[in-house]
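Raw contents of model09.cif, mmCIF, C-alpha atoms:
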data_work
#
loop_
_atom_site.label_atom_id
_atom_site.label_comp_id
_atom_site.auth_asym_id
_atom_site.auth_seq_id
_atom_site.Cartn_x
_atom_site.Cartn_y
_atom_site.Cartn_z
CA MET A 1 -27.76 3.18 -20.14
CA ASN A 2 -26.89 -0.42 -20.97
CA GLY A 3 -30.46 -1.63 -21.01
CA LEU A 4 -31.45 1.03 -23.46
CA LEU A 5 -28.51 0.21 -25.67
CA GLY A 6 -29.69 -3.32 -26.18
CA ALA A 7 -26.96 -4.92 -24.11
CA TYR A 8 -27.75 -8.40 -25.34
CA VAL A 9 -26.11 -11.03 -23.18
CA PRO A 10 -25.27 -14.09 -25.29
CA GLY A 11 -26.68 -17.31 -23.91
CA SER A 12 -28.63 -20.47 -24.61
CA SER A 13 -31.28 -20.34 -21.88
CA PRO A 14 -34.92 -21.12 -22.70
CA LEU A 15 -35.59 -17.38 -22.72
CA HIS A 16 -32.76 -16.79 -25.22
CA ARG A 17 -34.20 -19.47 -27.48
CA LEU A 18 -37.73 -18.11 -27.39
CA PRO A 19 -38.63 -16.19 -30.61
CA ALA A 20 -38.48 -12.38 -30.28
CA GLY A 21 -42.14 -12.02 -31.32
CA VAL A 22 -43.28 -14.36 -28.55
CA LYS A 23 -41.22 -12.46 -25.98
CA LEU A 24 -42.60 -9.09 -27.10
CA ALA A 25 -46.18 -10.40 -27.02
CA GLY A 26 -45.50 -11.94 -23.60
CA LEU A 27 -44.16 -8.60 -22.38
CA ALA A 28 -47.33 -6.82 -23.52
CA VAL A 29 -49.51 -9.40 -21.74
CA ALA A 30 -47.39 -9.31 -18.58
CA CYS A 31 -47.52 -5.49 -18.39
CA THR A 32 -51.31 -5.63 -18.77
CA VAL A 33 -51.51 -8.16 -15.95
CA LEU A 34 -49.31 -5.93 -13.76
CA VAL A 35 -51.74 -3.06 -14.26
CA LEU A 36 -54.67 -5.32 -13.32
CA LEU A 37 -53.04 -6.65 -10.14
CA GLY A 38 -54.34 -4.51 -7.30
CA SER A 39 -52.69 -5.52 -4.05
CA PRO A 40 -49.03 -5.29 -3.05
CA ALA A 41 -49.21 -8.98 -2.09
CA ALA A 42 -50.20 -10.00 -5.62
CA LEU A 43 -47.47 -7.75 -7.02
CA GLY A 44 -45.05 -9.38 -4.57
CA VAL A 45 -45.89 -12.74 -6.13
CA ALA A 46 -45.32 -11.14 -9.56
CA ALA A 47 -41.90 -9.95 -8.34
CA VAL A 48 -41.00 -13.52 -7.40
CA VAL A 49 -42.05 -14.66 -10.89
CA VAL A 50 -39.89 -11.95 -12.49
CA ALA A 51 -36.94 -12.96 -10.32
CA GLY A 52 -37.52 -16.56 -11.38
CA LEU A 53 -37.47 -15.53 -15.05
CA TYR A 54 -34.17 -13.73 -14.51
CA ALA A 55 -32.76 -16.86 -12.86
CA LEU A 56 -34.00 -18.90 -15.82
CA SER A 57 -32.25 -16.54 -18.26
CA ARG A 58 -28.94 -17.05 -16.37
CA VAL A 59 -27.87 -13.41 -16.84
CA SER A 60 -25.62 -11.96 -14.14
CA LEU A 61 -26.96 -9.96 -11.20
CA ALA A 62 -25.02 -6.93 -12.45
CA ALA A 63 -26.75 -7.11 -15.85
CA ALA A 64 -30.13 -7.50 -14.13
CA TRP A 65 -29.48 -4.52 -11.84
CA ALA A 66 -28.41 -2.43 -14.85
CA GLN A 67 -31.94 -2.78 -16.23
CA VAL A 68 -33.72 -1.21 -13.24
CA LYS A 69 -30.94 1.07 -11.99
CA PRO A 70 -31.86 3.95 -14.37
CA VAL A 71 -35.37 4.22 -12.83
CA ARG A 72 -34.32 4.03 -9.15
CA TRP A 73 -34.63 7.76 -8.42
CA PHE A 74 -37.81 8.00 -10.43
CA ALA A 75 -39.19 5.10 -8.37
CA VAL A 76 -38.22 6.82 -5.11
CA ALA A 77 -39.87 10.09 -6.21
CA LEU A 78 -42.96 8.24 -7.42
CA PHE A 79 -43.22 6.36 -4.13
CA GLY A 80 -43.00 9.61 -2.16
CA MET A 81 -45.63 11.36 -4.26
CA GLN A 82 -48.02 8.40 -4.17
CA TRP A 83 -47.64 8.00 -0.42
CA LEU A 84 -48.25 11.72 0.04
CA PHE A 85 -51.29 11.96 -2.21
CA VAL A 86 -52.78 8.41 -2.08
CA ASP A 87 -51.62 6.00 0.63
CA LEU A 88 -48.81 3.59 1.44
CA GLN A 89 -50.48 0.60 -0.23
CA GLY A 90 -51.14 2.61 -3.42
CA ALA A 91 -47.56 3.89 -3.44
CA LEU A 92 -46.15 0.38 -3.04
CA SER A 93 -48.38 -1.02 -5.80
CA THR A 94 -47.61 1.73 -8.29
CA VAL A 95 -43.84 1.58 -7.76
CA LEU A 96 -43.80 -2.22 -7.94
CA ARG A 97 -45.76 -2.12 -11.21
CA VAL A 98 -43.33 0.34 -12.80
CA VAL A 99 -40.18 -1.44 -11.58
CA LEU A 100 -41.44 -4.89 -12.59
CA ALA A 101 -42.49 -3.66 -16.04
CA VAL A 102 -39.03 -2.13 -16.54
CA ALA A 103 -37.37 -5.32 -15.28
CA LEU A 104 -39.41 -7.46 -17.69
CA ALA A 105 -38.63 -5.16 -20.64
CA GLY A 106 -34.96 -5.33 -19.62
CA LEU A 107 -35.13 -9.11 -19.56
CA VAL A 108 -36.44 -9.14 -23.13
CA THR A 109 -33.59 -6.82 -24.14
CA LEU A 110 -30.96 -8.94 -22.38
CA THR A 111 -32.08 -12.15 -24.05
CA THR A 112 -32.95 -10.92 -27.54
CA ARG A 113 -30.64 -9.76 -30.29
CA ALA A 114 -31.52 -6.36 -31.75
CA SER A 115 -31.62 -7.94 -35.22
CA ALA A 116 -34.22 -10.48 -34.01
CA MET A 117 -36.20 -7.64 -32.46
CA MET A 118 -36.05 -5.73 -35.76
CA ALA A 119 -37.16 -8.80 -37.71
CA ALA A 120 -40.11 -9.32 -35.33
CA LEU A 121 -41.09 -5.68 -35.63
CA GLU A 122 -40.91 -5.91 -39.42
CA ARG A 123 -43.19 -8.96 -39.39
CA CYS A 124 -45.67 -7.14 -37.14
CA LEU A 125 -45.66 -4.14 -39.44
CA SER A 126 -45.84 -6.08 -42.71
CA PRO A 127 -49.59 -5.33 -43.20
CA ALA A 128 -48.64 -1.64 -43.19
CA ARG A 129 -47.13 -2.18 -46.65
CA PHE A 130 -50.66 -1.84 -48.01
CA VAL A 131 -50.72 1.80 -46.90
CA GLY A 132 -47.25 2.49 -48.29
CA LEU A 133 -45.23 2.08 -45.06
CA ASP A 134 -41.93 0.23 -45.42
CA PRO A 135 -41.51 -1.99 -42.30
CA PHE A 136 -37.76 -2.22 -42.90
CA ARG A 137 -37.44 1.56 -42.68
CA VAL A 138 -39.44 1.67 -39.44
CA SER A 139 -37.31 -1.01 -37.80
CA LEU A 140 -34.16 0.69 -39.12
CA LEU A 141 -35.34 3.96 -37.59
CA LEU A 142 -35.75 2.23 -34.23
CA SER A 143 -32.34 0.61 -34.46
CA LEU A 144 -30.66 3.89 -35.42
CA THR A 145 -32.35 5.66 -32.53
CA ILE A 146 -30.95 3.10 -30.08
CA ARG A 147 -27.55 3.19 -31.75
CA SER A 148 -27.42 7.00 -31.58
CA VAL A 149 -27.75 7.12 -27.79
CA PRO A 150 -24.12 6.20 -26.98
CA VAL A 151 -22.85 8.35 -29.85
CA VAL A 152 -24.65 11.47 -28.61
CA ALA A 153 -23.71 10.65 -24.99
CA GLU A 154 -20.04 10.40 -26.00
CA LEU A 155 -20.32 13.65 -27.93
CA ALA A 156 -21.87 15.35 -24.87
CA THR A 157 -18.97 14.11 -22.72
CA ARG A 158 -16.44 15.50 -25.21
CA VAL A 159 -18.25 18.86 -25.34
CA ARG A 160 -18.32 19.02 -21.51
CA GLU A 161 -14.58 18.30 -21.37
CA ALA A 162 -13.91 21.02 -23.96
CA GLN A 163 -16.07 23.43 -21.94
CA ARG A 164 -14.10 22.66 -18.78
CA ALA A 165 -10.82 23.09 -20.64
CA ARG A 166 -11.96 26.53 -21.77
CA GLY A 167 -13.42 27.45 -18.38
CA VAL A 168 -17.00 27.93 -19.65
CA GLU A 169 -18.65 24.93 -17.99
CA ARG A 170 -21.62 27.01 -16.82
CA SER A 171 -22.57 28.25 -20.29
CA VAL A 172 -25.64 26.48 -21.67
CA ARG A 173 -24.96 27.87 -25.15
CA ALA A 174 -21.37 26.62 -25.14
CA PHE A 175 -22.76 23.16 -24.43
CA ALA A 176 -25.85 23.13 -26.66
CA VAL A 177 -24.40 24.57 -29.88
CA PRO A 178 -21.51 22.11 -30.37
CA LEU A 179 -23.75 19.23 -29.24
CA VAL A 180 -26.47 20.07 -31.78
CA VAL A 181 -23.94 20.73 -34.56
CA GLY A 182 -22.07 17.51 -33.75
CA SER A 183 -25.32 15.50 -33.66
CA LEU A 184 -26.41 16.90 -37.03
CA ARG A 185 -22.99 16.12 -38.49
CA HIS A 186 -23.27 12.57 -37.16
CA ALA A 187 -26.74 12.25 -38.73
CA ASP A 188 -25.36 13.40 -42.10
CA ALA A 189 -22.43 10.98 -41.89
CA LEU A 190 -24.73 8.13 -40.87
CA GLY A 191 -27.05 8.82 -43.81
CA GLU A 192 -24.08 8.79 -46.15
CA ALA A 193 -22.79 5.56 -44.60
CA LEU A 194 -26.19 3.91 -45.04
CA SER A 195 -26.20 4.92 -48.70
CA ALA A 196 -22.67 3.56 -49.08
CA ARG A 197 -23.88 0.24 -47.61
CA GLY A 198 -26.55 0.06 -50.29
CA LEU A 199 -29.49 0.81 -47.97
CA ASP A 200 -30.80 3.83 -49.83
CA ASP A 201 -32.88 2.11 -52.51
CA MET B 1 -11.86 -2.72 -63.81
CA SER B 2 -11.82 0.98 -64.23
CA ILE B 3 -12.84 4.27 -62.71
CA ASP B 4 -13.02 7.12 -65.20
CA PHE B 5 -13.23 10.81 -64.38
CA SER B 6 -13.93 12.96 -67.39
CA ASP B 7 -13.47 16.73 -66.95
CA VAL B 8 -15.14 16.57 -63.53
CA HIS B 9 -16.10 19.80 -61.82
CA VAL B 10 -17.78 19.89 -58.41
CA ARG B 11 -19.10 23.15 -57.03
CA LEU B 12 -20.48 23.34 -53.50
CA GLY B 13 -22.16 26.68 -52.84
CA GLU B 14 -19.69 29.34 -53.89
CA ARG B 15 -16.71 27.01 -53.76
CA ASP B 16 -15.16 25.00 -56.59
CA VAL B 17 -14.15 21.78 -54.86
CA LEU B 18 -12.92 19.98 -57.97
CA ARG B 19 -11.87 21.71 -61.20
CA GLY B 20 -11.60 19.69 -64.37
CA VAL B 21 -10.35 16.35 -63.07
CA THR B 22 -9.69 13.81 -65.80
CA ALA B 23 -8.19 10.44 -64.96
CA SER B 24 -8.66 6.79 -65.75
CA LEU B 25 -7.85 4.53 -62.81
CA SER B 26 -7.44 0.86 -63.60
CA GLU B 27 -4.53 0.01 -61.30
CA SER B 28 -5.04 -2.38 -58.41
CA ARG B 29 -3.84 0.07 -55.73
CA VAL B 30 -4.39 3.81 -56.14
CA GLY B 31 -3.58 6.42 -53.50
CA VAL B 32 -4.85 9.98 -53.33
CA VAL B 33 -3.05 12.60 -51.23
CA GLY B 34 -3.55 16.31 -50.74
CA ALA B 35 -3.92 19.03 -48.16
CA ASN B 36 -7.05 19.38 -46.04
CA GLY B 37 -9.81 20.87 -48.18
CA SER B 38 -8.02 20.07 -51.44
CA GLY B 39 -10.96 18.01 -52.74
CA LYS B 40 -9.59 14.50 -52.28
CA SER B 41 -12.51 13.23 -50.15
CA THR B 42 -14.98 14.62 -52.69
CA LEU B 43 -13.06 12.74 -55.39
CA ALA B 44 -13.50 9.52 -53.37
CA ARG B 45 -17.23 10.16 -52.84
CA LEU B 46 -17.71 10.61 -56.57
CA ILE B 47 -16.70 6.99 -57.14
CA ASN B 48 -19.77 5.45 -55.54
CA GLY B 49 -22.14 8.28 -56.34
CA LEU B 50 -22.32 9.73 -52.81
CA ALA B 51 -21.34 12.96 -54.56
CA VAL B 52 -22.14 13.75 -58.18
CA PRO B 53 -20.26 16.06 -60.52
CA THR B 54 -21.63 19.53 -61.23
CA SER B 55 -20.33 18.99 -64.75
CA GLY B 56 -18.37 16.24 -66.46
CA SER B 57 -18.91 12.58 -65.69
CA VAL B 58 -17.67 9.72 -63.54
CA THR B 59 -17.95 6.20 -64.88
CA VAL B 60 -17.35 3.18 -62.68
CA LEU B 61 -17.35 -0.33 -64.14
CA GLY B 62 -18.94 1.17 -67.25
CA LEU B 63 -21.82 2.80 -65.34
CA ASP B 64 -22.45 6.52 -64.97
CA THR B 65 -22.53 7.37 -61.25
CA ARG B 66 -25.07 10.15 -61.79
CA ARG B 67 -27.72 7.72 -63.04
CA LYS B 68 -26.66 4.39 -61.55
CA GLY B 69 -25.59 5.33 -58.00
CA PRO B 70 -27.47 2.57 -56.11
CA ARG B 71 -26.34 -0.06 -58.64
CA ILE B 72 -22.72 1.09 -58.42
CA ARG B 73 -22.79 1.05 -54.60
CA ARG B 74 -23.41 -2.70 -54.73
CA ASP B 75 -19.96 -3.10 -56.31
CA VAL B 76 -18.11 -0.25 -54.64
CA GLY B 77 -17.50 -0.54 -50.90
CA PHE B 78 -16.72 2.65 -48.99
CA VAL B 79 -14.94 2.95 -45.65
CA PHE B 80 -15.18 6.33 -43.95
CA THR B 81 -12.71 8.03 -41.62
CA ASP B 82 -14.97 7.83 -38.57
CA PRO B 83 -16.16 4.28 -37.98
CA ASP B 84 -18.72 5.45 -35.40
CA ALA B 85 -20.79 6.93 -38.19
CA GLN B 86 -20.94 3.58 -39.97
CA ILE B 87 -21.99 1.33 -37.13
CA VAL B 88 -25.74 0.79 -37.12
CA MET B 89 -26.43 -2.26 -34.97
CA PRO B 90 -25.66 -2.79 -31.27
CA THR B 91 -23.40 -5.85 -31.60
CA VAL B 92 -20.48 -6.59 -33.90
CA ALA B 93 -21.93 -9.61 -35.74
CA GLU B 94 -25.31 -7.94 -36.13
CA ASP B 95 -23.71 -4.89 -37.68
CA VAL B 96 -21.88 -6.98 -40.27
CA ALA B 97 -25.03 -9.01 -40.98
CA PHE B 98 -26.96 -5.76 -41.38
CA SER B 99 -25.10 -5.11 -44.65
CA LEU B 100 -26.71 -8.26 -46.05
CA ARG B 101 -30.25 -7.35 -44.94
CA ARG B 102 -31.50 -6.76 -48.44
CA SER B 103 -29.49 -9.53 -50.10
CA LYS B 104 -32.25 -12.14 -49.51
CA LEU B 105 -29.56 -14.69 -48.63
CA PRO B 106 -30.64 -17.59 -46.38
CA ARG B 107 -29.91 -16.98 -42.70
CA ALA B 108 -27.35 -19.81 -42.58
CA GLU B 109 -25.36 -18.27 -45.42
CA VAL B 110 -25.51 -14.82 -43.82
CA GLU B 111 -24.15 -16.28 -40.56
CA GLN B 112 -21.45 -18.16 -42.41
CA ARG B 113 -20.33 -15.05 -44.32
CA VAL B 114 -20.35 -12.94 -41.16
CA THR B 115 -18.29 -15.51 -39.24
CA GLU B 116 -15.84 -15.80 -42.11
CA VAL B 117 -15.29 -12.05 -42.52
CA LEU B 118 -14.97 -11.44 -38.75
CA GLY B 119 -12.38 -14.21 -38.60
CA ARG B 120 -10.48 -12.76 -41.55
CA TYR B 121 -10.19 -9.34 -39.90
CA GLY B 122 -9.44 -10.54 -36.39
CA LEU B 123 -12.81 -9.82 -34.78
CA ALA B 124 -14.06 -13.40 -34.38
CA GLY B 125 -13.85 -13.17 -30.59
CA HIS B 126 -15.94 -10.00 -30.55
CA ALA B 127 -18.97 -11.23 -32.50
CA ASP B 128 -21.44 -10.74 -29.64
CA HIS B 129 -19.75 -7.71 -28.08
CA PRO B 130 -21.45 -4.30 -28.12
CA ALA B 131 -20.01 -2.44 -31.10
CA HIS B 132 -19.70 0.84 -29.18
CA HIS B 133 -17.41 -0.85 -26.63
CA LEU B 134 -14.75 -1.63 -29.24
CA SER B 135 -11.56 0.40 -29.45
CA GLY B 136 -11.18 2.90 -32.31
CA GLY B 137 -9.01 0.46 -34.24
CA GLN B 138 -11.45 -2.40 -33.76
CA LYS B 139 -14.33 -0.16 -34.85
CA GLN B 140 -12.47 0.62 -38.07
CA LEU B 141 -11.94 -3.10 -38.62
CA LEU B 142 -15.66 -3.62 -38.02
CA ALA B 143 -16.47 -0.93 -40.60
CA LEU B 144 -14.18 -2.77 -43.00
CA CYS B 145 -15.91 -6.11 -42.25
CA SER B 146 -19.32 -4.54 -42.86
CA VAL B 147 -18.16 -3.46 -46.29
CA MET B 148 -16.15 -6.57 -47.21
CA VAL B 149 -18.99 -8.96 -46.34
CA LEU B 150 -20.72 -7.59 -49.44
CA GLU B 151 -17.73 -8.73 -51.53
CA PRO B 152 -17.35 -5.46 -53.45
CA ARG B 153 -15.29 -5.31 -56.65
CA ILE B 154 -13.82 -1.92 -55.72
CA LEU B 155 -13.01 -0.59 -52.26
CA VAL B 156 -12.70 3.13 -51.53
CA MET B 157 -11.25 4.20 -48.18
CA ASP B 158 -11.34 7.79 -47.00
CA GLU B 159 -8.50 8.36 -44.52
CA PRO B 160 -8.93 4.92 -42.93
CA THR B 161 -5.97 5.26 -40.56
CA THR B 162 -6.41 8.86 -39.39
CA LEU B 163 -7.98 7.86 -36.05
CA LEU B 164 -5.88 4.72 -35.53
CA ASP B 165 -2.80 3.99 -33.45
CA LEU B 166 0.35 2.66 -35.11
CA ARG B 167 -0.51 -1.00 -34.55
CA HIS B 168 -3.96 -0.72 -36.10
CA SER B 169 -2.61 1.44 -38.94
CA ARG B 170 -0.13 -1.31 -39.74
CA GLN B 171 -2.88 -3.90 -39.53
CA VAL B 172 -5.00 -1.95 -42.02
CA ALA B 173 -1.96 -1.59 -44.31
CA ALA B 174 -1.34 -5.35 -44.16
CA LEU B 175 -5.00 -6.08 -44.89
CA LEU B 176 -4.91 -3.72 -47.84
CA ARG B 177 -2.02 -5.64 -49.35
CA GLU B 178 -3.97 -8.90 -49.17
CA MET B 179 -7.17 -7.66 -50.77
CA THR B 180 -8.06 -8.90 -54.22
CA GLN B 181 -10.26 -5.87 -54.95
CA GLN B 182 -9.20 -2.70 -56.71
CA VAL B 183 -8.53 -0.31 -53.83
CA LEU B 184 -8.45 3.49 -53.80
CA VAL B 185 -7.22 5.10 -50.59
CA VAL B 186 -7.42 8.77 -49.69
CA THR B 187 -4.88 9.42 -46.96
CA HIS B 188 -2.42 11.65 -45.15
CA ASP B 189 -0.62 8.51 -43.97
CA LEU B 190 2.12 8.36 -46.59
CA PRO B 191 3.71 5.04 -45.44
CA LEU B 192 0.33 3.41 -46.12
CA LEU B 193 0.97 3.97 -49.82
CA ALA B 194 4.11 1.81 -49.93
CA GLY B 195 3.72 -0.75 -52.69
CA PHE B 196 0.86 1.12 -54.36
CA ASP B 197 0.72 1.25 -58.16
CA ARG B 198 -0.23 4.87 -58.58
CA VAL B 199 -0.65 8.01 -56.49
CA LEU B 200 -2.55 11.17 -57.39
CA VAL B 201 -1.79 14.48 -55.70
CA ILE B 202 -4.73 16.86 -55.44
CA ASP B 203 -4.27 20.54 -54.78
CA ASP B 204 -7.00 23.16 -54.84
CA GLY B 205 -9.36 20.84 -56.73
CA ARG B 206 -6.90 19.83 -59.45
CA VAL B 207 -4.70 16.78 -60.02
CA VAL B 208 -1.23 18.33 -59.86
CA ALA B 209 0.81 15.12 -59.89
CA ASP B 210 -0.03 11.61 -61.00
CA GLY B 211 2.40 8.74 -61.15
CA ALA B 212 4.42 6.19 -59.25
CA PRO B 213 4.22 6.60 -55.44
CA ASP B 214 7.85 7.71 -54.96
CA GLU B 215 7.63 10.53 -57.50
CA ALA B 216 4.12 11.65 -56.55
CA ILE B 217 4.90 11.65 -52.81
CA ALA B 218 8.15 13.57 -53.38
CA PHE B 219 6.14 16.16 -55.31
CA TYR B 220 3.57 16.31 -52.51
CA ARG B 221 6.27 16.83 -49.88
CA LYS B 222 7.66 19.76 -51.88
CA LEU B 223 4.18 21.17 -52.31
CA MET B 224 3.61 21.06 -48.57
CA ALA B 225 7.05 22.44 -47.65
#

Would you mind giving the structure from this file in C-alpha cells?
Amino acid sequence: MNGLLGAYVPGSSPLHRLPAGVKLAGLAVACTVLVLLGSPAALGVAAVVVAGLYALSRVSLAAAWAQVKPVRWFAVALFGMQWLFVDLQGALSTVLRVVLAVALAGLVTLTTRASAMMAALERCLSPARFVGLDPFRVSLLLSLTIRSVPVVAELATRVREAQRARGVERSVRAFAVPLVVGSLRHADALGEALSARGLDD
Amino acid sequence: MSIDFSDVHVRLGERDVLRGVTASLSESRVGVVGANGSGKSTLARLINGLAVPTSGSVTVLGLDTRRKGPRIRRDVGFVFTDPDAQIVMPTVAEDVAFSLRRSKLPRAEVEQRVTEVLGRYGLAGHADHPAHHLSGGQKQLLALCSVMVLEPRILVMDEPTTLLDLRHSRQVAALLREMTQQVLVVTHDLPLLAGFDRVLVIDDGRVVADGAPDEAIAFYRKLMA
C-alpha cells in the first residue's frame, strides 16, 4: 500500500530535484513508449533503464519492491492468461509493460512530494478555470483520496477485530455496515476539519 | 479579545442541544466540562462558525459567526479530538504547509514557518515522515502544528487529550500553558484545567456553573456523583 500512499523517500538525487511536472510528463512519454515496444528483448532493455533510474534515485531495494509488490499476483494471472490465449512472447511483453509502467509510476511517487505533485496538477489544470473548475479543489480531492486509503484500511482492520471478538467474522453485513458508517463519519469530520483550517472559501 | 454567546439555542432535529446559553469569555484560559452529550462540543463549534445557533447569536472578535464564519476561522484555530480526521497530506511537513496553501506566502517563508512550528512542538525530526505512521500523541501534536502555523488569535480544542497517553497529555498541558493565544478547551481531563482562569460546566444544554476552576470542578464532581 505504501506506493499508493505516496511514500515519498526524502533525498537529493537528480530525480528528486527534477520538477514534478517534468517527471509526470516523462512518465506519460515512457508509458507510451512501453506500449509501442513490441519484443520482449526491447522491453528487457527498458527494464535495465528502469533499474538504472532506480539506482540513480538512490532509494532502497525495499522501497523499490514495495512499488511493484501490490501487482505481483495480478502479473502472474495476466501472464497465465496471455500465455494461454496468445503465446509466450505476448505474455512476457504484456506483463513486462505493466510491471515497468507500475515501477516507473512508483519511482515518481518515491521521489516527489505530494505537495509538489498537487502544485504540478494545479498548474496543468489552470486553463480549466475558464470553465469554472477550481484546480485547487481538484488537486485537494486527489490528495484526500490518497490520504483516505490508510484511514479506511485502519477502520476495516478495527471492524474485523470487533467482528472476531463478537464471533461474527463471516457476516458480510457486520463488516460492511460499520465500515460504511465509519467512513461517512470520517468524511464528515474531515470536511469540518477542512473548514476549520480555512479551506472552505 | 472576547467570545460572546447571547441567549444561544441550538436545536438538532428533535433535540435541544443548547438552551439559552449566555456568556462573555474574555479570559486567557477557559475550560468547558460536562457529561457526554451535554452540548459542550457544540458550544466549541459555535465559536468558529462550524455550528451556528438556531436562535441567539455568537460574536467572536466583534464578528457574528453566522455571517462571518470564514473570516472568523482565520483567527480561530480549532483542534479536534481525533487527529486522523485533520491530517490531509501524506507527510508531516506537507500537512502543516497545507494550512498555508491559500495564504499566498512565498515558499521560503512557508518552509521557515513550518520548520519553526514543528520545532516548537517537538516534531522537527519527523518533518518528512508519513503522517499516518505517527503515534496518536504525535498526530495530535501535528494537528496542533497545522493550526498554530496560521498564528490564530484564539485556539479552541475539543477534548484534545482524550486519545492520548499520560505523557502526551502532560505535553499538551505544558504547551497550553505557554501559548499566548486565548484558549478554550472542552475536556473530560480535569487536571488539564489546572491554572485556568475560568471553567464552565454544561449540563443538558445549559451552563449550570461558571467560575474559578476549583469551584466549578467541585460542582461538576457533585453533579456526576

- For chain A, report every residue with an atom at most 12 Å from chain B (counting only C-alpha atoms), formatted as a ChimeraX atom specification. /A:2-11,109,112-119,136-137,139-155,182-201

- Query: Closest to Gly13 of chain B among B:Thr54, B:Met224, B:Ala174, B:Thr42, using all atoms listed in the file?
  - Reply: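 Looking at the shortest contact to Gly13 of chain B, the residue is B:Thr54.
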
Grab all the atoms of segment 162-172 of chain B that the file lists, wrap them in a box along x, y and z, add 3 Å per side, and give me centre plus edge lengths in Å (one decimal) as AutoDock Vina command-line options.
--center_x -3.8 --center_y 2.5 --center_z -37.7 --size_x 14.3 --size_y 18.8 --size_z 14.6

- Query: What gap, in Å, lies between atom CA of Val21 of chain B and atom CA of Ser38 of chain B?
  - Reply: 12.4 Å

- Query: For Pro70 of chain A, which residue out of A:Gly44, A:Gly52, A:Pro178, A:Gly106 is the nearest one, using all atoms listed in the file?
  - Reply: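 Nearest candidate to Pro70 of chain A out of A:Gly44, A:Gly52, A:Pro178, A:Gly106: A:Gly106.
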
- Message: Please list as an NGL selection string every residue within 12 Å of His188 of chain B, counting all atoms listed in the file and excluding residues in the same chain fewer than 4 positions away.
- Response: :B and (31-36 or 38 or 40-41 or 81 or 157-163 or 169 or 192-193 or 201-202 or 217 or 220-221 or 224)

- Task: For the structure provided, state which residues fall under the PyMOL selection byres ((chain A and resi 54) around 10), and present them as a list in words.
- Result: Leu15, Val48, Val49, Val50, Ala51, Gly52, Leu53, Ala55, Leu56, Ser57, Arg58, Val59, Ser60, Leu61, Ala64, Ala103, Leu104, Gly106, Leu107, Leu110 and Thr111 of chain A

- Counting only C-alpha atoms, the residue of B:Ala216, B:Leu164, B:Val183, B:Gly205 that sits nearest Val8 of chain B: B:Gly205

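The space separating atom CA of Val71 of chain A from atom CA of Val95 of chain A comes to 10.2 Å.
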
- Query: Any idea what the distance is between atom CA of Val181 of chain A and atom CA of Ala156 of chain A?
  - Reply: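 So the answer is 11.3 Å.
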
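Closest approach to Ala41 of chain A from the set A:Gly90, A:Gly21, A:Pro127, A:Gly132 is made by A:Gly90, with distances taken over only C-alpha atoms.
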
- Query: Do you know which residues the PyMOL selection byres ((chain B and resi 30) around 10) returns on this file, as a PyMOL selection string?
  - Reply: chain B and resi 25-29+31-32+156+182-186+193+195-200+211-213

- Message: Using only C-alpha atoms - which residues lie no farther than 8 Å from the point (-11.8, 3.1, -61.9) in the file's frame? Write them as a PyMOL selection string.
- Response: chain B and resi 1-4+24-27+47+59-61

- Message: Taking the file as I've supplied it (selection: the PyMOL selection byres ((chain B and resi 113) around 12)), which residues are included? Please answer as a PyMOL selection string.
- Response: chain B and resi 93-94+96-100+105-112+114-120+124+145-151

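Proximity of B:Val92, B:Gly137, B:Asp203, B:Arg15 to Gly125 of chain B, computed with all atoms listed in the file, is greatest for B:Val92.
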